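Colleague: Compact mmCIF, C-alpha atoms and all ligand atoms, saved as data25.txt, coming up:
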# COMPACT_ATOMS: atom_id res chain seq x y z
CA MET T 16 3.60 144.96 -57.50
CA ASN T 17 2.43 145.82 -61.03
CA ASP T 18 -0.74 147.36 -59.60
CA VAL T 19 1.11 149.21 -56.83
CA LEU T 20 3.54 150.75 -59.32
CA ALA T 21 0.82 151.50 -61.86
CA ALA T 22 -1.11 153.52 -59.26
CA GLU T 23 1.69 156.12 -59.30
CA LEU T 24 3.63 155.63 -62.51
CA GLY T 25 2.55 156.02 -66.11
CA GLU T 26 3.99 152.88 -67.66
CA VAL T 27 4.82 149.50 -66.09
CA ARG T 28 6.26 146.56 -67.98
CA ALA T 29 7.79 143.25 -66.95
CA THR T 30 10.91 141.73 -68.48
CA LEU T 31 11.13 138.02 -69.34
CA ALA T 32 11.44 135.79 -66.30
CA ARG T 33 14.85 134.44 -65.31
CA GLN T 34 14.51 131.48 -62.93
CA LYS T 35 12.02 132.80 -60.36
CA SER T 36 12.57 136.50 -60.99
CA ARG T 37 11.39 139.24 -63.31
CA VAL T 38 12.38 142.88 -63.42
CA LEU T 39 9.53 145.38 -63.43
CA VAL T 40 10.36 148.60 -65.23
CA ALA T 41 8.20 151.56 -64.28
CA SER T 42 8.54 155.04 -65.71
CA GLY T 43 6.78 158.40 -65.95
CA VAL T 44 4.45 159.88 -63.33
CA ARG T 45 0.73 159.48 -63.98
CA PRO T 46 -0.61 162.85 -65.17
CA GLU T 47 -3.16 163.12 -62.36
CA ARG T 48 -0.39 162.49 -59.81
CA ARG T 49 1.94 165.14 -61.16
CA ASP T 50 0.39 168.05 -59.25
CA ALA T 51 -0.77 166.08 -56.21
CA PRO T 52 0.53 167.42 -52.87
CA PRO T 53 3.38 165.32 -51.42
CA THR T 54 2.23 162.64 -48.95
CA PHE T 55 5.44 162.98 -46.87
CA PRO T 56 6.55 164.20 -44.43
CA THR T 57 3.60 163.49 -42.17
CA THR T 58 3.15 165.19 -38.82
CA ALA T 59 1.05 164.24 -35.81
CA THR T 60 0.69 165.41 -32.25
CA LEU T 61 0.73 162.35 -30.02
CA ALA T 62 -1.10 162.40 -26.70
CA ASP T 63 -0.31 158.90 -25.46
CA PRO T 64 -0.32 159.04 -21.63
CA ALA T 65 3.15 157.44 -21.28
CA LEU T 66 4.59 159.92 -23.76
CA ARG T 67 2.92 162.89 -22.09
CA ALA T 68 4.06 161.83 -18.65
CA ALA T 69 7.65 161.31 -19.82
CA ALA T 70 7.81 164.69 -21.61
CA GLY T 71 5.81 166.59 -18.98
CA THR T 72 3.72 168.20 -21.73
CA ALA T 73 0.16 167.90 -23.07
CA GLY T 74 1.43 166.19 -26.22
CA VAL T 75 4.54 165.62 -28.33
CA ALA T 76 4.68 166.44 -32.04
CA VAL T 77 6.36 164.00 -34.41
CA THR T 78 7.29 164.43 -38.07
CA ALA T 79 8.17 161.47 -40.29
CA HIS T 80 9.67 161.38 -43.75
CA GLY T 81 8.94 158.26 -45.81
CA GLY T 82 10.61 155.09 -44.61
CA THR T 83 11.33 156.32 -41.08
CA PHE T 84 10.81 153.73 -38.35
CA ALA T 85 7.23 153.80 -36.93
CA GLY T 86 6.23 156.82 -39.09
CA ALA T 87 4.39 159.62 -37.29
CA ALA T 88 3.31 157.25 -34.52
CA LEU T 89 4.62 155.79 -31.27
CA ASP T 90 6.27 152.36 -31.55
CA ARG T 91 5.16 149.87 -28.88
CA GLY T 92 8.72 149.19 -27.74
CA THR T 93 9.46 152.90 -27.50
CA ARG T 94 6.26 153.32 -25.50
CA PHE T 95 7.36 150.59 -23.09
CA LEU T 96 10.69 152.37 -22.61
CA LEU T 97 8.83 155.64 -21.91
CA THR T 98 6.83 153.99 -19.10
CA THR T 99 10.13 153.87 -17.15
CA ALA T 100 11.02 157.56 -17.72
CA ASP T 101 10.15 158.49 -14.13
CA ARG T 102 13.28 156.51 -13.15
CA TRP T 103 15.65 158.05 -15.70
CA PRO T 104 18.22 160.45 -14.22
CA THR T 105 16.89 164.02 -14.00
CA ASP T 106 20.13 165.92 -13.45
CA VAL T 107 21.18 165.60 -17.08
CA THR T 108 23.47 167.95 -18.97
CA ASP T 109 24.11 165.87 -22.09
CA ALA T 110 21.80 163.16 -23.40
CA VAL T 111 21.91 160.95 -26.50
CA ASP T 112 19.11 159.34 -28.51
CA LEU T 113 21.01 156.56 -30.28
CA GLY T 114 19.26 155.30 -33.44
CA CYS T 115 16.79 158.17 -33.16
CA GLY T 116 14.34 157.43 -36.00
CA THR T 117 11.83 160.30 -35.96
CA GLY T 118 13.54 161.76 -32.89
CA LEU T 119 10.60 161.28 -30.58
CA LEU T 120 12.85 160.18 -27.70
CA ALA T 121 15.23 163.10 -28.35
CA ALA T 122 12.28 165.49 -28.11
CA VAL T 123 11.16 163.86 -24.84
CA LEU T 124 14.70 164.16 -23.42
CA ALA T 125 14.83 167.86 -24.30
CA LEU T 126 11.31 168.60 -23.03
CA ARG T 127 11.77 166.84 -19.68
CA SER T 128 15.21 168.37 -18.96
CA PRO T 129 15.07 172.02 -20.06
CA ALA T 130 18.79 172.53 -19.42
CA ALA T 131 19.94 169.42 -21.28
CA ARG T 132 21.69 169.31 -24.64
CA VAL T 133 20.62 166.33 -26.71
CA VAL T 134 22.38 164.59 -29.58
CA ALA T 135 20.14 162.43 -31.80
CA THR T 136 21.84 160.13 -34.27
CA ASP T 137 20.76 157.69 -36.95
CA ARG T 138 22.22 156.12 -40.09
CA SER T 139 19.14 156.91 -42.18
CA ALA T 140 18.93 160.26 -43.98
CA ALA T 141 15.12 160.14 -43.74
CA ALA T 142 15.39 159.63 -39.98
CA VAL T 143 17.81 162.55 -39.62
CA ALA T 144 15.50 164.88 -41.58
CA SER T 145 12.54 163.65 -39.50
CA ALA T 146 14.33 164.11 -36.17
CA ARG T 147 15.31 167.68 -37.09
CA ALA T 148 11.69 168.44 -38.02
CA THR T 149 10.42 166.78 -34.83
CA ALA T 150 12.77 168.92 -32.71
CA ARG T 151 11.55 172.08 -34.50
CA ALA T 152 7.90 171.07 -34.06
CA ASN T 153 8.43 170.76 -30.28
CA GLY T 154 10.34 174.03 -29.96
CA VAL T 155 13.56 172.33 -28.83
CA ALA T 156 15.68 172.57 -32.00
CA ASP T 157 18.12 174.91 -30.22
CA ARG T 158 19.09 172.05 -27.86
CA VAL T 159 18.77 169.00 -30.14
CA VAL T 160 21.61 168.36 -32.56
CA VAL T 161 20.85 165.65 -35.12
CA VAL T 162 23.76 163.79 -36.71
CA ARG T 163 23.78 161.18 -39.47
CA ASP T 164 26.17 158.53 -38.27
CA ASP T 165 26.75 154.76 -38.21
CA ALA T 166 25.99 153.40 -34.71
CA GLY T 167 26.99 156.73 -33.13
CA GLU T 168 30.66 156.18 -34.00
CA GLY T 169 31.34 159.91 -34.29
CA LEU T 170 30.11 160.76 -30.77
CA ALA T 171 32.82 161.93 -28.39
CA ASP T 172 34.11 159.69 -25.58
CA ALA T 173 32.71 160.38 -22.07
CA SER T 174 30.37 163.09 -23.37
CA ALA T 175 26.93 162.00 -22.06
CA ASP T 176 25.11 161.41 -18.76
CA LEU T 177 22.16 159.57 -20.29
CA VAL T 178 21.69 157.45 -23.43
CA VAL T 179 18.32 156.06 -24.50
CA LEU T 180 18.18 153.26 -27.02
CA ASN T 181 15.59 151.24 -28.90
CA PRO T 182 18.09 149.33 -31.04
CA PRO T 183 17.46 148.01 -34.54
CA PHE T 184 17.02 144.28 -35.04
CA HIS T 185 17.12 144.54 -38.82
CA ASP T 186 19.86 145.54 -41.19
CA ARG T 187 17.73 146.63 -44.13
CA ALA T 188 15.86 143.40 -45.05
CA ALA T 189 17.91 140.99 -42.88
CA VAL T 190 17.26 140.18 -39.21
CA ARG T 191 20.57 140.99 -37.52
CA THR T 192 21.67 142.24 -34.15
CA ASP T 193 25.18 143.51 -35.09
CA ALA T 194 24.10 147.16 -35.11
CA ALA T 195 22.57 146.75 -31.64
CA HIS T 196 25.86 145.38 -30.26
CA ARG T 197 27.80 148.20 -31.90
CA MET T 198 25.41 150.69 -30.29
CA PHE T 199 25.96 149.08 -26.87
CA ALA T 200 29.72 149.56 -27.38
CA THR T 201 29.11 153.20 -28.38
CA ALA T 202 27.02 153.77 -25.25
CA GLY T 203 29.81 152.33 -23.09
CA ARG T 204 32.34 154.65 -24.70
CA VAL T 205 30.17 157.77 -24.77
CA LEU T 206 28.80 157.64 -21.22
CA ARG T 207 30.64 159.39 -18.41
CA PRO T 208 31.33 157.31 -15.28
CA GLY T 209 27.99 156.94 -13.45
CA GLY T 210 26.08 157.76 -16.65
CA GLU T 211 23.14 155.52 -17.58
CA LEU T 212 22.01 153.63 -20.67
CA TRP T 213 18.29 152.81 -20.85
CA THR T 214 17.50 150.19 -23.48
CA VAL T 215 14.32 148.50 -24.68
CA PHE T 216 14.45 145.28 -26.67
CA ASN T 217 12.37 142.27 -27.58
CA THR T 218 12.42 140.01 -24.51
CA PRO T 219 13.63 136.86 -26.36
CA LEU T 220 16.84 138.69 -27.36
CA ARG T 221 18.27 138.52 -23.79
CA TYR T 222 20.72 141.41 -24.16
CA ARG T 223 21.45 141.84 -20.46
CA ALA T 224 24.86 140.10 -20.41
CA ALA T 225 26.02 141.92 -23.55
CA LEU T 226 24.95 145.25 -22.03
CA ALA T 227 26.81 144.49 -18.82
CA ARG T 228 29.98 143.72 -20.79
CA ALA T 229 29.72 146.79 -23.01
CA VAL T 230 28.56 149.35 -20.43
CA GLY T 231 28.50 148.12 -16.82
CA PRO T 232 26.11 146.65 -14.22
CA THR T 233 22.75 146.08 -15.88
CA GLU T 234 19.35 145.45 -14.27
CA HIS T 235 15.97 144.57 -15.70
CA VAL T 236 13.68 147.48 -14.87
CA ALA T 237 10.50 146.39 -16.64
CA GLN T 238 9.54 143.28 -18.54
CA ASP T 239 6.52 141.79 -20.26
CA PRO T 240 6.38 138.83 -22.65
CA ARG T 241 7.19 141.10 -25.56
CA PHE T 242 9.62 143.77 -24.28
CA THR T 243 12.33 144.27 -21.66
CA VAL T 244 13.74 147.58 -20.43
CA THR T 245 17.20 147.59 -18.86
CA ARG T 246 19.25 150.18 -16.99
CA SER T 247 23.02 149.94 -17.41
CA VAL T 248 25.36 152.09 -15.34
CA ARG T 249 28.79 153.03 -16.66
CA GLY T 250 31.43 152.01 -14.16
C1 LIG R 301 13.95 150.40 -33.54
S1 LIG R 301 14.29 151.90 -34.41
C2 LIG R 301 14.09 153.10 -33.10
C3 LIG R 301 13.83 154.48 -33.61
C4 LIG R 301 13.48 155.52 -32.52
N1 LIG R 301 14.54 155.63 -31.51
C5 LIG R 301 12.18 155.18 -31.85
O1 LIG R 301 12.23 154.75 -30.69
O2 LIG R 301 11.12 155.33 -32.48
C6 LIG R 301 16.04 151.78 -34.65
C7 LIG R 301 16.66 152.92 -35.45
O3 LIG R 301 18.06 152.60 -35.61
C8 LIG R 301 18.47 153.05 -36.90
N2 LIG R 301 19.66 152.28 -37.30
C9 LIG R 301 19.73 151.02 -37.82
N3 LIG R 301 21.01 150.67 -38.04
C10 LIG R 301 21.76 151.74 -37.64
C11 LIG R 301 23.17 152.00 -37.64
N4 LIG R 301 24.04 151.08 -38.04
N5 LIG R 301 23.58 153.20 -37.17
C12 LIG R 301 22.69 154.15 -36.75
N6 LIG R 301 21.35 153.95 -36.75
C13 LIG R 301 20.89 152.77 -37.19
C14 LIG R 301 17.26 152.83 -37.79
O4 LIG R 301 17.33 153.68 -38.93
C15 LIG R 301 16.11 153.16 -36.84
O5 LIG R 301 15.72 154.50 -36.98
Is it possible to express this structure as C-alpha cells?
Ligand SMILES: C[S@@+](CC[C@H](N)C(=O)[O-])C[C@H]1O[C@@H](n2cnc3c(N)ncnc32)[C@H](O)[C@@H]1O

Modeller:
Amino acid sequence: MNDVLAAELGEVRATLARQKSRVLVASGVRPERRDAPPTFPTTATLADPALRAAAGTAGVAVTAHGGTFAGAALDRGTRFLLTTADRWPTDVTDAVDLGCGTGLLAAVLALRSPAARVVATDRSAAAVASARATARANGVADRVVVVRDDAGEGLADASADLVVLNPPFHDRAAVRTDAAHRMFATAGRVLRPGGELWTVFNTPLRYRAALARAVGPTEHVAQDPRFTVTRSVRG
C-alpha cells in the first residue's frame, strides 16, 4: 500500500503498529500528477453480441466513474441476463433498472422500447453519475430518470411493467444478501399486476423461493454452473 499511495501522493508515512495494524498517512499530490488529466470517468462503446441483440443497436455506450460496479465493461452476470432479453416483455410503458451501476441495463431498456420510460436507481453516488452519463451517451437521457436511493425504497407502488435486477451480494466489504432481499420486496411492491421481474444471480444462492414469496410465481429461464436467470410474475 505504501507504493500504491506513493505513486500518486507526495508524502507517505506509517504510524507505529498497534497489534496487527498501522495507519498510513498520505498527503500532497505528486507534482507531476497535479496537471495530469483525470482518469475517470471512463467511456467505452461495447459491441458484445448479447448486448447488441438486446438493445437492437450496433453498440451500447457505457460511462463509469471510479468505483462503479464492472467499470466501463459488461459484467458476466449482466451479460447472462441479457441473453434472455428476447423473452422480456416488449409492450413496456415503465421499466426499472434496480441497482443500476453504470446504467447499462437502463440504456438497453430504453433503446429496445422506444416508448418506455425507465427509472434507474442505485445507492452509490458514483453509480448514479455514471448511469446519467451512460443514458446521455446513448441518446436516451430524456426517458431515463436516475435516482439515488436505498434498494429502490422511494419508487412508487404499482408503477412498473418490467424490473431488471442483477442484485448485489456485497454490502461494501462484507458478503451479504440483505440488499438483494430488500430489492426483491421492492420489485414486488413496484410491479403492476402481471408485471415481470427478471433477475440474474449466482447459481449457488438459490433465490427462487424468496423471489416467489416477494413477487409471485418464479421460473428458471436460463442456468449454467455460475449464473441463473429467473422470471417472476407479479400476481
Ligand atoms: C451487481 S451490481 C449490478 C450493477 C448493474 N445493474 C449491472 O448489471 O452492471 C449491484 C448494484 O447494486 C448497488 N447496490 C448495492 N446495495 C444497494 C442498496 N442497498 N440500494 C441500492 N443499490 C445498491 C451497487 O452499488 C451496484 O451498483

Colleague: Please determine, counting all atoms listed in the file, which residue among T:Ala194, T:Ala87, T:Ala121, T:Val133 has the shortest atom-to-atom distance to ligand LIG 301 (chain R).

Modeller: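 Using all atoms listed in the file, ligand LIG 301 (chain R) sits closest to T:Ala194.
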
Colleague: Residues contacting ligand LIG 301 (chain R) - anything with an atom at most 9 Å away, using all atoms listed in the file - can you give me those as number ranges by chain?

Modeller: T: 82-86, 88-94, 96, 112-121, 135-143, 163-168, 179-187, 193-195, 197-198, 215-216

Colleague: I'd like the contact shell of Thr58 in chain T - 10 Å cut-off, only C-alpha atoms, skipping same-chain residues fewer than 5 positions apart - returned as JSON, numbers by chain.

Modeller: {"T": [76, 77, 78, 79, 80, 86, 87, 88, 145, 148, 149, 152]}

Colleague: Mind pulling up the distance from CA of Glu234 in chain T to CA of Tyr222 in chain T?

Modeller: 10.8 Å

Colleague: What's around Ala41 in chain T at 12 Å? Count all atoms listed in the file, leave out sequence neighbours fewer than 6 positions away in its own chain, and write the answer as number ranges by chain.

Modeller: T: 16-30

Colleague: Could you dump the residues just selected with C-alpha atoms as a tab-separated table (two decimals), in the frame of the given file?

Modeller:
chain	number	residue	atom	x	y	z
T	16	MET	CA	3.60	144.96	-57.50
T	17	ASN	CA	2.43	145.82	-61.03
T	18	ASP	CA	-0.74	147.36	-59.60
T	19	VAL	CA	1.11	149.21	-56.83
T	20	LEU	CA	3.54	150.75	-59.32
T	21	ALA	CA	0.82	151.50	-61.86
T	22	ALA	CA	-1.11	153.52	-59.26
T	23	GLU	CA	1.69	156.12	-59.30
T	24	LEU	CA	3.63	155.63	-62.51
T	25	GLY	CA	2.55	156.02	-66.11
T	26	GLU	CA	3.99	152.88	-67.66
T	27	VAL	CA	4.82	149.50	-66.09
T	28	ARG	CA	6.26	146.56	-67.98
T	29	ALA	CA	7.79	143.25	-66.95
T	30	THR	CA	10.91	141.73	-68.48

Colleague: Could you jot down the CA of Val107 in chain T to CA of Ala130 in chain T separation for me, Å, one decimal place?

Modeller: 7.7 Å

Colleague: For each of T:Asp157, T:Trp213, T:Arg151, T:Val111, take the minimum atom-to-atom distance to Ala171 in chain T, counting only C-alpha atoms, then give the residue where this is smallest.

Modeller: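 Among T:Asp157, T:Trp213, T:Arg151, T:Val111, it is T:Val111 that comes nearest to Ala171 in chain T.
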
Colleague: Would you work out the distance separating CA of Asn153 in chain T from CA of Thr201 in chain T, expressed in Å to one decimal?

Modeller: 27.2 Å

Colleague: Quick one: residues within 8 Å of Asp109 in chain T, all atoms listed in the file counted, chain neighbours fewer than 6 positions away excluded, as a list in words?

Modeller: Ala131, Arg132, Val133, Val134, Ser174, Ala175, Asp176 and Leu177 of chain T

Colleague: Using C-alpha atoms, can you write the selected residues to a file as a compact mmCIF listing (two decimals), keeping the file's coordinate frame?

Modeller:
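In the end it all went to selection_26.txt:
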# COMPACT_ATOMS: atom_id res chain seq x y z
CA ALA T 131 19.94 169.42 -21.28
CA ARG T 132 21.69 169.31 -24.64
CA VAL T 133 20.62 166.33 -26.71
CA VAL T 134 22.38 164.59 -29.58
CA SER T 174 30.37 163.09 -23.37
CA ALA T 175 26.93 162.00 -22.06
CA ASP T 176 25.11 161.41 -18.76
CA LEU T 177 22.16 159.57 -20.29

Colleague: Using only C-alpha atoms for the distances, tell me which of T:Leu212, T:Ala51, T:Val230, T:Ala65 is nearest to Val244 in chain T.

Modeller: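 The answer is T:Leu212, which sits nearest to Val244 in chain T.
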
Colleague: Taking (24.3, 142.8, -20.2) in the coordinates of the supplied file, I want to know which residues reach to within 12 Å of it, counting all atoms listed in the file; could you give the answer as a ChimeraX atom specification?

Modeller: /T:196,199-200,203,212-214,220-235,244-249

Colleague: Restricting the calculation to all atoms listed in the file, which member of T:Gly210, T:Gly169, T:Gly74, T:Gly81 is positioned closest to Thr54 in chain T?

Modeller: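 Going through T:Gly210, T:Gly169, T:Gly74, T:Gly81 one by one, the smallest distance to Thr54 in chain T is for T:Gly81.
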
Colleague: Just add N, CA and C atoms to range 118-140 of chain T and send it as a PDB file, in the frame of the given file.

Modeller:
ATOM      1  N   GLY T 118      13.055 160.844 -33.919  1.00  0.00           N
ATOM      2  CA  GLY T 118      13.540 161.760 -32.890  1.00  0.00           C
ATOM      3  C   GLY T 118      12.552 162.018 -31.774  1.00  0.00           C
ATOM      4  N   LEU T 119      11.598 161.119 -31.644  1.00  0.00           N
ATOM      5  CA  LEU T 119      10.600 161.280 -30.580  1.00  0.00           C
ATOM      6  C   LEU T 119      11.260 161.224 -29.201  1.00  0.00           C
ATOM      7  N   LEU T 120      12.185 160.280 -29.001  1.00  0.00           N
ATOM      8  CA  LEU T 120      12.850 160.180 -27.700  1.00  0.00           C
ATOM      9  C   LEU T 120      13.744 161.400 -27.454  1.00  0.00           C
ATOM     10  N   ALA T 121      14.389 161.892 -28.504  1.00  0.00           N
ATOM     11  CA  ALA T 121      15.230 163.100 -28.350  1.00  0.00           C
ATOM     12  C   ALA T 121      14.364 164.271 -27.904  1.00  0.00           C
ATOM     13  N   ALA T 122      13.178 164.405 -28.493  1.00  0.00           N
ATOM     14  CA  ALA T 122      12.280 165.490 -28.110  1.00  0.00           C
ATOM     15  C   ALA T 122      11.853 165.334 -26.646  1.00  0.00           C
ATOM     16  N   VAL T 123      11.552 164.099 -26.247  1.00  0.00           N
ATOM     17  CA  VAL T 123      11.160 163.860 -24.840  1.00  0.00           C
ATOM     18  C   VAL T 123      12.310 164.235 -23.912  1.00  0.00           C
ATOM     19  N   LEU T 124      13.541 163.842 -24.270  1.00  0.00           N
ATOM     20  CA  LEU T 124      14.700 164.160 -23.420  1.00  0.00           C
ATOM     21  C   LEU T 124      14.845 165.673 -23.257  1.00  0.00           C
ATOM     22  N   ALA T 125      14.672 166.403 -24.356  1.00  0.00           N
ATOM     23  CA  ALA T 125      14.830 167.860 -24.300  1.00  0.00           C
ATOM     24  C   ALA T 125      13.683 168.513 -23.529  1.00  0.00           C
ATOM     25  N   LEU T 126      12.471 167.990 -23.699  1.00  0.00           N
ATOM     26  CA  LEU T 126      11.310 168.600 -23.030  1.00  0.00           C
ATOM     27  C   LEU T 126      11.356 168.356 -21.518  1.00  0.00           C
ATOM     28  N   ARG T 127      11.809 167.154 -21.114  1.00  0.00           N
ATOM     29  CA  ARG T 127      11.770 166.840 -19.680  1.00  0.00           C
ATOM     30  C   ARG T 127      12.946 167.442 -18.905  1.00  0.00           C
ATOM     31  N   SER T 128      14.040 167.757 -19.610  1.00  0.00           N
ATOM     32  CA  SER T 128      15.210 168.370 -18.960  1.00  0.00           C
ATOM     33  C   SER T 128      15.547 169.657 -19.683  1.00  0.00           C
ATOM     34  N   PRO T 129      14.935 170.776 -19.297  1.00  0.00           N
ATOM     35  CA  PRO T 129      15.070 172.020 -20.060  1.00  0.00           C
ATOM     36  C   PRO T 129      16.490 172.553 -20.166  1.00  0.00           C
ATOM     37  N   ALA T 130      17.414 172.047 -19.314  1.00  0.00           N
ATOM     38  CA  ALA T 130      18.790 172.530 -19.420  1.00  0.00           C
ATOM     39  C   ALA T 130      19.665 171.584 -20.239  1.00  0.00           C
ATOM     40  N   ALA T 131      19.108 170.440 -20.638  1.00  0.00           N
ATOM     41  CA  ALA T 131      19.940 169.420 -21.280  1.00  0.00           C
ATOM     42  C   ALA T 131      20.188 169.717 -22.758  1.00  0.00           C
ATOM     43  N   ARG T 132      21.399 169.353 -23.200  1.00  0.00           N
ATOM     44  CA  ARG T 132      21.690 169.310 -24.640  1.00  0.00           C
ATOM     45  C   ARG T 132      21.514 167.871 -25.074  1.00  0.00           C
ATOM     46  N   VAL T 133      20.915 167.686 -26.249  1.00  0.00           N
ATOM     47  CA  VAL T 133      20.620 166.330 -26.710  1.00  0.00           C
ATOM     48  C   VAL T 133      21.249 166.127 -28.083  1.00  0.00           C
ATOM     49  N   VAL T 134      21.910 164.979 -28.251  1.00  0.00           N
ATOM     50  CA  VAL T 134      22.380 164.590 -29.580  1.00  0.00           C
ATOM     51  C   VAL T 134      21.527 163.405 -30.031  1.00  0.00           C
ATOM     52  N   ALA T 135      20.920 163.516 -31.211  1.00  0.00           N
ATOM     53  CA  ALA T 135      20.140 162.430 -31.800  1.00  0.00           C
ATOM     54  C   ALA T 135      20.891 161.943 -33.022  1.00  0.00           C
ATOM     55  N   THR T 136      21.037 160.640 -33.154  1.00  0.00           N
ATOM     56  CA  THR T 136      21.840 160.130 -34.270  1.00  0.00           C
ATOM     57  C   THR T 136      21.230 158.896 -34.894  1.00  0.00           C
ATOM     58  N   ASP T 137      21.313 158.824 -36.213  1.00  0.00           N
ATOM     59  CA  ASP T 137      20.760 157.690 -36.950  1.00  0.00           C
ATOM     60  C   ASP T 137      21.529 157.565 -38.264  1.00  0.00           C
ATOM     61  N   ARG T 138      21.538 156.351 -38.815  1.00  0.00           N
ATOM     62  CA  ARG T 138      22.220 156.120 -40.090  1.00  0.00           C
ATOM     63  C   ARG T 138      21.368 156.591 -41.281  1.00  0.00           C
ATOM     64  N   SER T 139      20.070 156.638 -41.081  1.00  0.00           N
ATOM     65  CA  SER T 139      19.140 156.910 -42.180  1.00  0.00           C
ATOM     66  C   SER T 139      18.970 158.408 -42.398  1.00  0.00           C
ATOM     67  N   ALA T 140      19.115 158.837 -43.658  1.00  0.00           N
ATOM     68  CA  ALA T 140      18.930 160.260 -43.980  1.00  0.00           C
ATOM     69  C   ALA T 140      17.492 160.681 -43.714  1.00  0.00           C
TER      70      ALA T 140
END
